[in-house]
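What follows is protein_22.cif (mmCIF, C-alpha atoms).
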```
data_model
#
loop_
_atom_site.label_atom_id
_atom_site.label_comp_id
_atom_site.auth_asym_id
_atom_site.auth_seq_id
_atom_site.Cartn_x
_atom_site.Cartn_y
_atom_site.Cartn_z
CA MET L 1 -6.57 -6.48 -10.73
CA PRO L 2 -7.66 -2.92 -9.80
CA ASN L 3 -9.47 -2.27 -6.55
CA ALA L 4 -13.01 -0.96 -6.86
CA LEU L 5 -11.96 1.73 -4.38
CA HIS L 6 -9.28 3.17 -6.66
CA ASN L 7 -9.63 6.88 -7.40
CA THR L 8 -10.26 7.86 -11.01
CA ASP L 9 -10.14 11.64 -11.18
CA PHE L 10 -10.28 12.90 -7.58
CA ILE L 11 -9.27 11.93 -4.04
CA GLN L 12 -12.11 10.19 -2.28
CA VAL L 13 -12.91 11.24 1.29
CA SER L 14 -14.07 9.10 4.20
CA HIS L 15 -13.59 8.93 7.98
CA ALA L 16 -12.82 6.33 10.65
CA GLY L 17 -16.36 5.60 11.81
CA SER L 18 -17.76 7.32 14.87
CA LEU L 19 -19.51 10.68 14.42
CA PRO L 20 -21.11 12.92 17.07
CA ARG L 21 -24.53 11.66 18.16
CA THR L 22 -27.48 14.01 18.16
CA PRO L 23 -28.83 15.15 21.55
CA GLU L 24 -32.03 13.20 20.82
CA LEU L 25 -30.12 9.99 20.15
CA LEU L 26 -27.95 10.40 23.25
CA ALA L 27 -31.07 10.87 25.36
CA ALA L 28 -32.67 7.81 23.79
CA ASN L 29 -29.52 5.76 24.40
CA ALA L 30 -29.63 6.74 28.08
CA VAL L 31 -33.29 5.72 28.37
CA GLN L 32 -32.66 2.40 26.63
CA ALA L 33 -29.80 1.64 29.02
CA GLU L 34 -31.71 2.43 32.22
CA ASN L 35 -35.37 1.82 31.47
CA PRO L 36 -36.12 0.63 27.91
CA GLY L 37 -39.34 2.09 26.63
CA ASP L 38 -41.08 1.59 23.31
CA PRO L 39 -38.54 -0.30 21.15
CA GLU L 40 -40.35 0.65 17.95
CA GLN L 41 -40.12 4.33 18.83
CA PHE L 42 -36.38 3.98 19.41
CA GLU L 43 -35.93 2.10 16.13
CA ARG L 44 -37.74 4.85 14.23
CA LEU L 45 -35.57 7.53 15.84
CA LEU L 46 -32.43 5.55 15.00
CA ALA L 47 -33.44 5.06 11.37
CA ASP L 48 -34.31 8.74 10.95
CA SER L 49 -31.03 9.72 12.62
CA VAL L 50 -29.03 7.58 10.19
CA VAL L 51 -30.77 9.24 7.23
CA GLY L 52 -29.78 12.60 8.67
CA ILE L 53 -26.16 11.70 9.37
CA VAL L 54 -25.62 10.21 5.91
CA ALA L 55 -27.03 13.34 4.27
CA ARG L 56 -24.83 15.55 6.44
CA GLN L 57 -21.68 13.60 5.54
CA LEU L 58 -22.42 13.95 1.84
CA ASP L 59 -23.16 17.66 2.28
CA ALA L 60 -19.76 18.03 3.98
CA GLY L 61 -18.09 16.57 0.90
CA LEU L 62 -17.43 13.02 2.05
CA THR L 63 -17.73 10.36 -0.64
CA ILE L 64 -17.53 7.13 1.40
CA VAL L 65 -19.92 7.39 4.34
CA ASN L 66 -21.39 5.33 7.14
CA ASP L 67 -24.12 5.47 9.77
CA GLY L 68 -21.89 7.43 12.17
CA GLU L 69 -21.84 4.25 14.29
CA TYR L 70 -25.27 5.34 15.49
CA GLY L 71 -26.18 1.69 15.98
CA HIS L 72 -23.37 1.44 18.55
CA THR L 73 -24.79 2.90 21.74
CA MET L 74 -22.82 5.81 23.15
CA SER L 75 -23.04 6.16 26.93
CA ASN L 76 -22.36 9.88 27.00
CA ALA L 77 -21.40 12.80 24.73
CA VAL L 78 -17.79 11.95 25.68
CA ASP L 79 -17.23 8.24 25.05
CA TYR L 80 -13.94 6.66 23.97
CA GLY L 81 -15.26 3.10 24.09
CA ALA L 82 -18.50 2.79 22.09
CA TRP L 83 -16.58 1.12 19.23
CA TRP L 84 -15.93 -1.81 21.61
CA ASN L 85 -18.73 -1.62 24.18
CA TYR L 86 -21.45 -2.16 21.56
CA SER L 87 -20.31 -5.78 21.23
CA TYR L 88 -21.34 -6.61 24.80
CA SER L 89 -24.95 -7.00 23.69
CA ARG L 90 -24.03 -8.90 20.51
CA LEU L 91 -21.97 -11.72 22.01
CA GLY L 92 -23.37 -14.65 23.93
CA GLY L 93 -21.32 -16.33 26.65
CA LEU L 94 -20.81 -13.11 28.63
CA THR L 95 -21.80 -12.34 32.20
CA GLN L 96 -22.63 -8.66 32.31
CA GLY L 97 -21.45 -6.31 35.03
CA GLY L 98 -17.94 -6.28 36.42
CA VAL L 99 -15.89 -3.13 36.79
CA ASP L 100 -14.93 -0.33 34.45
CA ARG L 101 -11.60 -1.22 32.82
CA TRP L 102 -10.18 2.25 33.58
CA GLN L 103 -10.75 1.67 37.31
CA MET L 104 -9.16 -1.77 37.73
CA THR L 105 -6.15 -1.88 40.04
CA GLU L 106 -4.54 -5.27 39.26
CA GLN L 107 -0.97 -5.25 37.95
CA ILE L 108 -0.18 -8.07 35.51
CA ARG L 109 3.43 -8.72 34.57
CA SER L 110 4.70 -10.30 31.36
CA GLU L 111 7.82 -12.38 30.82
CA PRO L 112 9.94 -13.00 27.72
CA GLY L 113 7.98 -15.36 25.49
CA ARG L 114 4.88 -15.04 27.70
CA ILE L 115 3.00 -11.82 27.06
CA ARG L 116 -0.03 -10.94 29.17
CA LEU L 117 -2.04 -7.72 28.93
CA THR L 118 -2.18 -5.67 32.09
CA THR L 119 -4.99 -3.40 33.25
CA MET L 120 -5.73 0.09 31.92
CA PRO L 121 -4.39 2.04 34.95
CA ASP L 122 -1.19 -0.04 34.82
CA ARG L 123 -0.44 0.91 31.22
CA ARG L 124 3.04 2.36 30.75
CA ASP L 125 1.89 5.72 29.35
CA ARG L 126 -0.54 6.14 32.21
CA ALA L 127 2.09 5.17 34.80
CA ARG L 128 4.56 7.70 33.39
CA PHE L 129 1.97 10.51 33.44
CA ASN L 130 -0.07 9.28 36.39
CA GLU L 131 -0.66 12.76 37.82
CA ALA L 132 -1.97 14.05 34.50
CA TYR L 133 -4.21 11.02 33.96
CA ASN L 134 -5.80 11.53 37.37
CA ASP L 135 -6.27 15.29 37.02
CA PRO L 136 -9.77 16.11 35.70
CA ASN L 137 -8.41 19.42 34.39
CA SER L 138 -5.86 17.69 32.13
CA PHE L 139 -8.63 16.85 29.62
CA ILE L 140 -7.25 13.34 29.09
CA LEU L 141 -10.33 11.49 30.31
CA THR L 142 -12.51 14.41 31.41
CA GLY L 143 -16.24 13.79 31.11
CA ARG L 144 -15.94 10.08 30.46
CA LYS L 145 -18.75 7.99 31.97
CA PRO L 146 -17.62 4.64 33.50
CA VAL L 147 -18.82 1.59 31.57
CA PRO L 148 -18.53 -1.82 33.30
CA GLN L 149 -17.10 -4.64 31.23
CA PRO L 150 -18.58 -8.14 31.17
CA THR L 151 -16.66 -11.38 31.70
CA ILE L 152 -16.49 -14.35 29.34
CA THR L 153 -18.02 -17.21 31.31
CA GLY L 154 -19.24 -19.54 28.55
CA PRO L 155 -18.75 -20.38 24.89
CA LEU L 156 -18.82 -17.25 22.76
CA THR L 157 -21.60 -17.01 20.20
CA TYR L 158 -22.98 -14.22 18.05
CA VAL L 159 -26.43 -13.06 19.17
CA GLY L 160 -26.52 -9.66 17.47
CA GLN L 161 -28.34 -10.70 14.31
CA HIS L 162 -31.16 -8.22 14.85
CA GLN L 163 -28.83 -5.32 15.63
CA VAL L 164 -26.49 -5.82 12.68
CA GLN L 165 -29.39 -6.31 10.27
CA ARG L 166 -30.97 -3.13 11.63
CA ASP L 167 -27.70 -1.24 11.07
CA VAL L 168 -27.41 -2.62 7.54
CA THR L 169 -31.01 -1.78 6.69
CA ASN L 170 -30.72 1.75 8.07
CA LEU L 171 -27.53 2.53 6.17
CA VAL L 172 -28.71 1.04 2.89
CA ALA L 173 -31.98 3.00 3.11
CA ALA L 174 -30.11 6.23 3.87
CA LEU L 175 -27.73 5.70 0.95
CA GLN L 176 -30.65 5.04 -1.40
CA ALA L 177 -32.40 8.19 -0.20
CA GLU L 178 -29.34 10.21 -1.26
CA ASP L 179 -28.63 8.20 -4.42
CA ALA L 180 -25.25 7.26 -2.92
CA THR L 181 -23.50 3.93 -3.29
CA SER L 182 -20.36 3.81 -1.11
CA GLY L 183 -21.09 2.91 2.50
CA PHE L 184 -19.29 1.12 5.32
CA LEU L 185 -20.07 -0.20 8.79
CA PRO L 186 -17.41 -0.67 11.50
CA ALA L 187 -17.22 -3.92 13.45
CA LEU L 188 -15.03 -5.11 16.31
CA SER L 189 -11.95 -7.23 15.56
CA PRO L 190 -11.31 -10.62 17.20
CA GLY L 191 -8.13 -9.28 18.79
CA SER L 192 -9.93 -6.39 20.44
CA ALA L 193 -12.90 -8.54 21.49
CA SER L 194 -10.57 -10.99 23.20
CA ARG L 195 -9.38 -8.37 25.71
CA LEU L 196 -12.38 -9.03 27.97
CA ALA L 197 -11.81 -10.85 31.25
CA ASN L 198 -11.92 -14.58 30.47
CA GLU L 199 -13.02 -17.34 32.84
CA TYR L 200 -13.92 -19.96 30.24
CA TYR L 201 -11.26 -20.52 27.57
CA LYS L 202 -8.12 -22.34 28.62
CA THR L 203 -5.70 -20.82 26.12
CA ASP L 204 -5.19 -17.51 24.40
CA GLU L 205 -5.52 -19.21 21.01
CA GLU L 206 -8.89 -20.76 21.90
CA LEU L 207 -10.16 -17.39 23.09
CA VAL L 208 -9.04 -15.36 20.06
CA TYR L 209 -10.39 -17.88 17.55
CA ALA L 210 -13.70 -18.08 19.43
CA CYS L 211 -13.97 -14.30 19.04
CA ALA L 212 -13.15 -14.68 15.34
CA ASP L 213 -15.84 -17.30 14.78
CA ALA L 214 -18.44 -15.20 16.59
CA MET L 215 -17.63 -11.86 14.94
CA ARG L 216 -17.42 -13.40 11.45
CA GLU L 217 -21.21 -13.50 11.42
CA GLU L 218 -21.33 -9.71 11.77
CA TYR L 219 -18.70 -9.17 9.07
CA LYS L 220 -20.56 -11.45 6.67
CA ALA L 221 -23.90 -9.74 7.25
CA ILE L 222 -22.36 -6.38 6.36
CA VAL L 223 -20.54 -7.63 3.27
CA ASP L 224 -23.52 -9.62 2.03
CA ALA L 225 -25.53 -6.39 1.99
CA GLY L 226 -23.04 -4.89 -0.48
CA LEU L 227 -21.41 -2.66 2.13
CA THR L 228 -17.79 -2.44 3.26
CA VAL L 229 -16.98 -3.75 6.72
CA GLN L 230 -14.36 -1.76 8.61
CA ILE L 231 -12.56 -4.00 11.09
CA ASP L 232 -11.81 -1.82 14.13
CA ASP L 233 -8.62 -3.17 15.64
CA PRO L 234 -6.73 -0.75 17.89
CA SER L 235 -5.44 -3.80 19.75
CA ILE L 236 -2.84 -4.50 17.05
CA ALA L 237 -1.01 -1.29 18.03
CA GLU L 238 -2.52 -0.37 21.39
CA ASN L 239 -1.68 -3.67 23.12
CA TRP L 240 1.98 -2.63 23.14
CA ASP L 241 1.27 -0.06 25.86
CA MET L 242 -0.65 -2.68 27.89
CA ILE L 243 2.37 -4.92 28.40
CA ASN L 244 4.53 -4.49 31.49
CA PRO L 245 7.48 -4.49 31.32
CA GLU L 246 7.95 -3.39 27.71
CA PRO L 247 8.51 -6.50 25.57
CA THR L 248 10.86 -6.97 22.67
CA VAL L 249 9.40 -6.15 19.28
CA GLU L 250 9.92 -9.82 18.31
CA ASP L 251 7.86 -11.08 21.25
CA TYR L 252 5.17 -8.52 20.56
CA LEU L 253 4.87 -9.41 16.89
CA ALA L 254 4.62 -13.10 17.81
CA PHE L 255 1.82 -12.23 20.23
CA THR L 256 0.12 -10.12 17.54
CA LYS L 257 0.51 -12.75 14.81
CA LEU L 258 -2.14 -14.94 16.46
CA ARG L 259 -4.60 -12.05 16.36
CA VAL L 260 -3.86 -11.39 12.69
CA GLU L 261 -4.24 -15.05 11.77
CA ALA L 262 -7.55 -15.23 13.63
CA LEU L 263 -8.81 -12.13 11.82
CA ASN L 264 -7.81 -13.60 8.46
CA TRP L 265 -9.72 -16.73 9.45
CA ALA L 266 -12.78 -14.64 10.29
CA ILE L 267 -12.75 -12.83 6.93
CA ARG L 268 -11.83 -15.84 4.79
CA ASP L 269 -13.69 -16.01 1.48
CA LEU L 270 -15.10 -12.49 1.93
CA PRO L 271 -14.38 -10.02 -0.91
CA GLN L 272 -11.22 -8.11 -0.01
CA GLU L 273 -12.42 -4.92 -1.69
CA GLN L 274 -15.25 -4.83 0.87
CA ILE L 275 -12.92 -5.11 3.86
CA ARG L 276 -11.20 -2.08 5.40
CA PHE L 277 -8.83 -2.60 8.31
CA HIS L 278 -8.50 0.21 10.87
CA LEU L 279 -5.36 0.49 13.00
CA CYS L 280 -4.87 3.11 15.70
CA TRP L 281 -3.04 3.63 18.96
CA GLY L 282 -6.15 4.39 21.01
CA SER L 283 -8.36 7.46 20.86
CA TRP L 284 -7.99 8.92 24.36
CA HIS L 285 -6.23 12.29 24.54
CA GLY L 286 -3.13 11.20 26.44
CA PRO L 287 0.60 11.73 25.77
CA HIS L 288 1.02 8.39 23.89
CA THR L 289 4.77 8.36 24.52
CA THR L 290 4.74 4.55 24.70
CA ASP L 291 3.10 3.96 21.31
CA ILE L 292 4.89 1.35 19.23
CA PRO L 293 6.39 2.87 16.06
CA PHE L 294 4.39 2.26 12.89
CA LYS L 295 7.48 0.88 11.13
CA ASP L 296 7.43 -2.08 13.53
CA LEU L 297 3.81 -2.90 12.66
CA ALA L 298 3.39 -1.96 9.01
CA GLU L 299 4.29 -5.34 7.50
CA THR L 300 2.04 -7.10 10.01
CA MET L 301 -0.84 -4.81 9.06
CA LEU L 302 -0.32 -5.54 5.37
CA SER L 303 -0.53 -9.28 6.06
CA ILE L 304 -4.22 -8.79 6.88
CA ASN L 305 -6.35 -9.76 3.89
CA ALA L 306 -8.12 -6.43 3.48
CA GLY L 307 -8.60 -4.27 0.41
CA SER L 308 -7.85 -1.03 2.25
CA TYR L 309 -5.94 0.00 5.36
CA SER L 310 -6.95 2.88 7.63
CA PHE L 311 -4.31 4.20 10.05
CA GLU L 312 -3.38 7.27 12.08
CA ALA L 313 -1.11 9.68 10.20
CA ALA L 314 -2.16 13.17 11.30
CA ASN L 315 -1.62 13.43 15.04
CA VAL L 316 1.65 14.78 16.38
CA ARG L 317 2.86 11.41 17.63
CA HIS L 318 2.60 9.68 14.25
CA GLU L 319 2.51 12.24 11.42
CA HIS L 320 6.22 11.80 10.67
CA GLU L 321 5.66 8.11 9.94
CA TRP L 322 4.33 8.77 6.43
CA LYS L 323 7.93 8.15 5.38
CA VAL L 324 7.57 4.46 6.31
CA TRP L 325 5.59 3.93 3.11
CA ARG L 326 8.72 4.61 1.06
CA ASP L 327 10.03 1.23 2.16
CA LEU L 328 6.77 -0.75 1.99
CA ASP L 329 5.56 -2.84 -0.91
CA LEU L 330 1.84 -2.04 -1.15
CA PRO L 331 0.20 -4.57 -3.50
CA GLU L 332 -1.27 -2.99 -6.62
CA ASP L 333 -4.83 -3.94 -5.71
CA LYS L 334 -4.63 -2.38 -2.22
CA VAL L 335 -5.64 1.12 -1.09
CA ILE L 336 -4.51 3.16 1.91
CA VAL L 337 -6.84 5.32 4.02
CA PRO L 338 -4.49 7.52 6.05
CA GLY L 339 -5.65 9.84 8.78
CA ILE L 340 -5.31 13.35 7.39
CA VAL L 341 -7.09 15.20 10.21
CA SER L 342 -6.84 14.22 13.86
CA HIS L 343 -9.33 13.42 16.59
CA ALA L 344 -6.71 14.34 19.22
CA THR L 345 -6.79 18.13 18.94
CA ASN L 346 -9.42 20.85 18.90
CA VAL L 347 -7.39 22.76 16.31
CA VAL L 348 -9.06 22.48 12.89
CA GLU L 349 -6.51 21.60 10.23
CA HIS L 350 -6.03 24.13 7.43
CA PRO L 351 -7.17 22.79 4.03
CA GLU L 352 -3.71 23.55 2.59
CA LEU L 353 -2.13 21.31 5.23
CA VAL L 354 -4.73 18.66 4.45
CA ALA L 355 -3.78 18.83 0.76
CA GLU L 356 -0.06 18.58 1.56
CA ARG L 357 -0.61 15.51 3.72
CA ILE L 358 -2.64 13.81 0.99
CA GLU L 359 -0.02 14.61 -1.64
CA ARG L 360 2.75 13.06 0.45
CA PHE L 361 1.03 9.69 0.30
CA ALA L 362 -0.04 10.11 -3.33
CA GLN L 363 3.54 10.71 -4.39
CA ILE L 364 4.59 7.42 -2.79
CA VAL L 365 1.78 4.94 -3.54
CA GLY L 366 -0.01 6.75 -6.36
CA LYS L 367 -2.92 9.17 -6.42
CA GLU L 368 -5.29 6.35 -7.36
CA ARG L 369 -4.67 4.55 -4.08
CA VAL L 370 -5.13 7.22 -1.40
CA ILE L 371 -8.46 7.84 0.35
CA ALA L 372 -8.36 10.80 2.74
CA SER L 373 -9.74 10.07 6.19
CA THR L 374 -9.55 10.89 9.89
CA ASP L 375 -7.10 9.37 12.36
CA CYS L 376 -9.89 7.85 14.42
CA GLY L 377 -13.57 8.41 15.12
CA LEU L 378 -14.55 12.00 15.93
CA GLY L 379 -17.75 11.13 17.79
CA GLY L 380 -17.25 11.28 21.55
CA ARG L 381 -13.73 12.71 21.17
CA VAL L 382 -14.18 16.31 20.03
CA HIS L 383 -17.11 18.73 20.19
CA PRO L 384 -19.63 18.24 17.36
CA GLN L 385 -19.01 21.73 15.95
CA ILE L 386 -15.30 21.02 15.77
CA ALA L 387 -15.84 17.53 14.35
CA TRP L 388 -17.85 18.85 11.42
CA ALA L 389 -15.39 21.68 10.81
CA LYS L 390 -12.62 19.07 10.58
CA LEU L 391 -14.59 17.01 8.07
CA GLU L 392 -15.28 20.09 5.96
CA ALA L 393 -11.58 20.98 6.04
CA LEU L 394 -10.75 17.40 5.05
CA SER L 395 -13.06 17.60 2.05
CA GLU L 396 -11.80 21.03 1.01
CA GLY L 397 -8.20 19.91 1.28
CA ALA L 398 -8.95 16.80 -0.78
CA GLN L 399 -10.39 19.03 -3.51
CA ILE L 400 -7.22 21.12 -3.50
CA ALA L 401 -5.06 18.01 -3.71
CA SER L 402 -7.24 16.59 -6.50
CA ARG L 403 -6.76 19.69 -8.63
CA ARG L 404 -3.02 19.52 -8.16
CA LEU L 405 -2.76 15.79 -8.78
CA TRP L 406 -5.06 15.55 -11.80
CA GLY L 407 -4.62 19.07 -13.15
#
```
Using structure tokens, write down the structure from this file.
Amino acid sequence: MPNALHNTDFIQVSHAGSLPRTPELLAANAVQAENPGDPEQFERLLADSVVGIVARQLDAGLTIVNDGEYGHTMSNAVDYGAWWNYSYSRLGGLTQGGVDRWQMTEQIRSEPGRIRLTTMPDRRDRARFNEAYNDPNSFILTGRKPVPQPTITGPLTYVGQHQVQRDVTNLVAALQAEDATSGFLPALSPGSASRLANEYYKTDEELVYACADAMREEYKAIVDAGLTVQIDDPSIAENWDMINPEPTVEDYLAFTKLRVEALNWAIRDLPQEQIRFHLCWGSWHGPHTTDIPFKDLAETMLSINAGSYSFEAANVRHEHEWKVWRDLDLPEDKVIVPGIVSHATNVVEHPELVAERIERFAQIVGKERVIASTDCGLGGRVHPQIAWAKLEALSEGAQIASRRLWG
């Protein structure tokens, strides 16, 4: 049965979620975090901002748009963690506070058959390039504001009903204002949510499934509104770098299988065509020499019951992996959403290169099943001017590819 996302006569264009916040919204986020003022005034600003960001995406040539993740508070103009940090206010059972995960010093060691995630500074890529990671002039983490992580101290519940309904209402209203129909909202995966410090659940399985049960409520609210939910799950690939010493691929896939099964449990009975899965290796601008190869994860990704799969394919560490799709069996009703422009460089991709990248995938899986996108969110990772230039280049390149593919 064909996927509702299938292209008919042109390549559709989307992105991976986060877009640059306006100065007004960043200022309002800062006020809300330190000294919340008039909540109604903030809600009005947020709703108006979503209308503006949807219109700007459509003007840039995007066809599948979102709210820019404006409902996910960004702590600063440079923020690599808003995609995850937003969940801290939507999950019950957390004790707020703690320390910023990039500043923790504990070293956690894994053993064969017993994988445990270590701390951010103890990651293998960071250890190999420790001097660069600690140099503010290296531009790896420059400008990032520390954000303390909470700890799980009680049973996890979902308490974000107001926030997710607000996000849904804002996006639907903005789409209607532009007479647009295709919209999505990103939401945190169970596997990523489970990476918080845990003092309550006795086993890894209990923890991951508790995250799945809690986050399901957010997924369902988005889908029930007729929108697509994008499951943000860098953990599927990124966890590899958080394991010391490096595990075998077999051990890692066994560790990851639990997270996939929990996600499938969370999205059970939800329409697959309204579920997009997003895989990436982390959005910080580091060397990424310890990223797990995509070929080792591709089959695992395809076992997730989604209608479309978003993944990095444009940055210099992973662009060559488009060839992996030659050996994959993509079900006929599935769609891929490869990254065609990257969040990891300030260089704006040439539209001709964009077209070539799109055509590579189209030649393998079919032009009907490729949606052009970004590697990861652009908001908080590159300057707003550059972010919008990249999206315009993405749209222009998709038009070039469409003319070549459809004639």
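Closest approach to Arg128 of chain L from the set L:His288, L:His343, L:His383, L:Lys145 is made by L:His288, with distances taken over only C-alpha atoms.
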Using all atoms listed in the file, collect all residues at a distance of at most 9 Å from (-14.5, 12.0, 14.7) as written in the file, then present them as a ChimeraX atom specification. /L:15-20,342-343,374-382,384,387-388,390-391
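Evaluated on this file, the PyMOL selection byres ((chain L and resi 171) around 8) matches L:Val50, L:Val51, L:Val54, L:Asn66, L:Asp67, L:Asp167, L:Val168, L:Thr169, L:Asn170, L:Val172, L:Ala173, L:Ala174, L:Leu175, L:Gly183.
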Closest-contact table, segment 36-113 of chain L side, partner segment 212-221 of chain L, 10 Å, counting only C-alpha atoms, as a Markdown table:
```
| residue | atom | partner | partner_atom | distance |
| --- | --- | --- | --- | --- |
| L:Ser87 | CA | L:Met215 | CA | 9.1 |
| L:Arg90 | CA | L:Met215 | CA | 9.0 |
| L:Leu91 | CA | L:Ala214 | CA | 7.3 |
| L:Gly92 | CA | L:Ala214 | CA | 8.9 |
```
Which residue out of L:Arg317, L:Arg44, L:Arg195, L:Arg116 has the minimum interatomic distance to Gly286 of chain L when all atoms listed in the file are used? L:Arg317
Expressed in Å, the length from atom CA of Ile400 of chain L to atom CA of Leu279 of chain L is 26.5 Å
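Restricting the calculation to all atoms listed in the file, the smallest distance between Leu405 of chain L and any of L:Asp79, L:Asp9, L:Glu319, L:Asp59 is found for L:Asp9.
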What does the PyMOL selection byres ((chain L and resi 267) around 9) select in this file, as a PyMOL selection string? chain L and resi 212+216+219-220+262-266+268-272+275+305-306
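Atom CA of Lys334 of chain L to atom CA of Glu273 of chain L spans 8.2 Å [interatomic distance, one decimal].
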Do you know which residues the PyMOL selection byres ((chain L and resi 360) around 12) returns on this file, as a ChimeraX atom specification? /L:313-314,319-326,338,340,353-359,361-367,370,372,401,405
Write out as a PyMOL selection string each polymer residue whose atoms come within 12 Å of Ala197 of chain L, counting only C-alpha atoms; drop sequence neighbours fewer than 2 positions from it. chain L and resi 93-101+104+116-119+148-154+192-195+199-201+204+207
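With all atoms listed in the file as the atoms that count, the minimum distance from Arg123 of chain L to the choices L:Gln103, L:Ser308, L:Thr203, L:Asn198 is reached by L:Gln103.
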What are the nearest atom pairs, with distances in Å to one decimal, for all residues of segment 174-245 of chain L that come at most 7 Å from segment 289-302 of chain L, using all atoms listed in the file, set out by chain and rising residue number as a Markdown table?
```
| residue | atom | partner | partner_atom | distance |
| --- | --- | --- | --- | --- |
| L:Ala237 | CA | L:Ile292 | CA | 6.6 |
| L:Trp240 | CA | L:Ile292 | CA | 6.3 |
| L:Asp241 | CA | L:Thr290 | CA | 5.9 |
```
Calculate, to one decimal in Å, the centre and edge lengths of the box along x, y and z of the file that holds all listed atoms of segment 272-286 of chain L with 6 Å of margin on each side, and present them as AutoDock Vina command-line options.
```
--center_x -9.1 --center_y 2.1 --center_z 12.4 --size_x 24.2 --size_y 32.4 --size_z 40.1
```
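Residues surrounding Phe139 of chain L within 12 Å are Val78, Ala132, Tyr133, Asn134, Asp135, Pro136, Thr142, Gly143, Arg144, Trp284, His285, Gly286, Pro287, Ala344, Thr345, Asn346, Arg381 and Val382 of chain L [all atoms listed in the file; sequence separation below 3 positions excluded].
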Applying 7 Å and only C-alpha atoms, which residues near Val13 of chain L remain after dropping the ones on its own chain fewer than 2 positions away? List them as an mmCIF file with C-alpha atoms, in the frame of the given file.
```cif
data_model
loop_
_atom_site.group_PDB
_atom_site.id
_atom_site.type_symbol
_atom_site.label_atom_id
_atom_site.label_comp_id
_atom_site.auth_asym_id
_atom_site.auth_seq_id
_atom_site.Cartn_x
_atom_site.Cartn_y
_atom_site.Cartn_z
ATOM 1 C CA ILE L 11 -9.270 11.930 -4.040
ATOM 2 C CA LEU L 62 -17.430 13.020 2.050
ATOM 3 C CA THR L 63 -17.730 10.360 -0.640
ATOM 4 C CA ILE L 64 -17.530 7.130 1.400
ATOM 5 C CA ILE L 371 -8.460 7.840 0.350
ATOM 6 C CA ALA L 372 -8.360 10.800 2.740
ATOM 7 C CA SER L 373 -9.740 10.070 6.190
ATOM 8 C CA SER L 395 -13.060 17.600 2.050
#
```
Mind filling out segment 212-225 of chain L with N, CA and C atoms and sending it as a PDB file, keeping the file's coordinate frame?
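File rebuild.pdb, as written:
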```pdb
ATOM      1  N   ALA L 212     -13.129 -14.750  16.806  1.00  0.00           N
ATOM      2  CA  ALA L 212     -13.150 -14.680  15.340  1.00  0.00           C
ATOM      3  C   ALA L 212     -14.375 -15.379  14.775  1.00  0.00           C
ATOM      4  N   ASP L 213     -14.679 -16.556  15.277  1.00  0.00           N
ATOM      5  CA  ASP L 213     -15.840 -17.300  14.780  1.00  0.00           C
ATOM      6  C   ASP L 213     -17.134 -16.549  15.060  1.00  0.00           C
ATOM      7  N   ALA L 214     -17.209 -15.921  16.232  1.00  0.00           N
ATOM      8  CA  ALA L 214     -18.440 -15.200  16.590  1.00  0.00           C
ATOM      9  C   ALA L 214     -18.585 -13.931  15.744  1.00  0.00           C
ATOM     10  N   MET L 215     -17.522 -13.135  15.633  1.00  0.00           N
ATOM     11  CA  MET L 215     -17.630 -11.860  14.940  1.00  0.00           C
ATOM     12  C   MET L 215     -17.725 -12.017  13.419  1.00  0.00           C
ATOM     13  N   ARG L 216     -17.305 -13.163  12.896  1.00  0.00           N
ATOM     14  CA  ARG L 216     -17.420 -13.400  11.450  1.00  0.00           C
ATOM     15  C   ARG L 216     -18.862 -13.222  10.985  1.00  0.00           C
ATOM     16  N   GLU L 217     -19.809 -13.615  11.817  1.00  0.00           N
ATOM     17  CA  GLU L 217     -21.210 -13.500  11.420  1.00  0.00           C
ATOM     18  C   GLU L 217     -21.599 -12.042  11.174  1.00  0.00           C
ATOM     19  N   GLU L 218     -21.052 -11.135  11.982  1.00  0.00           N
ATOM     20  CA  GLU L 218     -21.330  -9.710  11.770  1.00  0.00           C
ATOM     21  C   GLU L 218     -20.652  -9.213  10.492  1.00  0.00           C
ATOM     22  N   TYR L 219     -19.402  -9.591  10.286  1.00  0.00           N
ATOM     23  CA  TYR L 219     -18.700  -9.170   9.070  1.00  0.00           C
ATOM     24  C   TYR L 219     -19.463  -9.618   7.828  1.00  0.00           C
ATOM     25  N   LYS L 220     -19.901 -10.882   7.845  1.00  0.00           N
ATOM     26  CA  LYS L 220     -20.560 -11.450   6.670  1.00  0.00           C
ATOM     27  C   LYS L 220     -21.893 -10.760   6.396  1.00  0.00           C
ATOM     28  N   ALA L 221     -22.624 -10.421   7.444  1.00  0.00           N
ATOM     29  CA  ALA L 221     -23.900  -9.740   7.250  1.00  0.00           C
ATOM     30  C   ALA L 221     -23.708  -8.384   6.579  1.00  0.00           C
ATOM     31  N   ILE L 222     -22.645  -7.692   6.945  1.00  0.00           N
ATOM     32  CA  ILE L 222     -22.360  -6.380   6.360  1.00  0.00           C
ATOM     33  C   ILE L 222     -21.946  -6.515   4.899  1.00  0.00           C
ATOM     34  N   VAL L 223     -21.032  -7.435   4.635  1.00  0.00           N
ATOM     35  CA  VAL L 223     -20.540  -7.630   3.270  1.00  0.00           C
ATOM     36  C   VAL L 223     -21.638  -8.143   2.352  1.00  0.00           C
ATOM     37  N   ASP L 224     -22.449  -9.061   2.848  1.00  0.00           N
ATOM     38  CA  ASP L 224     -23.520  -9.620   2.030  1.00  0.00           C
ATOM     39  C   ASP L 224     -24.528  -8.571   1.592  1.00  0.00           C
ATOM     40  N   ALA L 225     -24.615  -7.475   2.337  1.00  0.00           N
ATOM     41  CA  ALA L 225     -25.530  -6.390   1.990  1.00  0.00           C
ATOM     42  C   ALA L 225     -24.920  -5.437   0.954  1.00  0.00           C
TER      43      ALA L 225
END
```
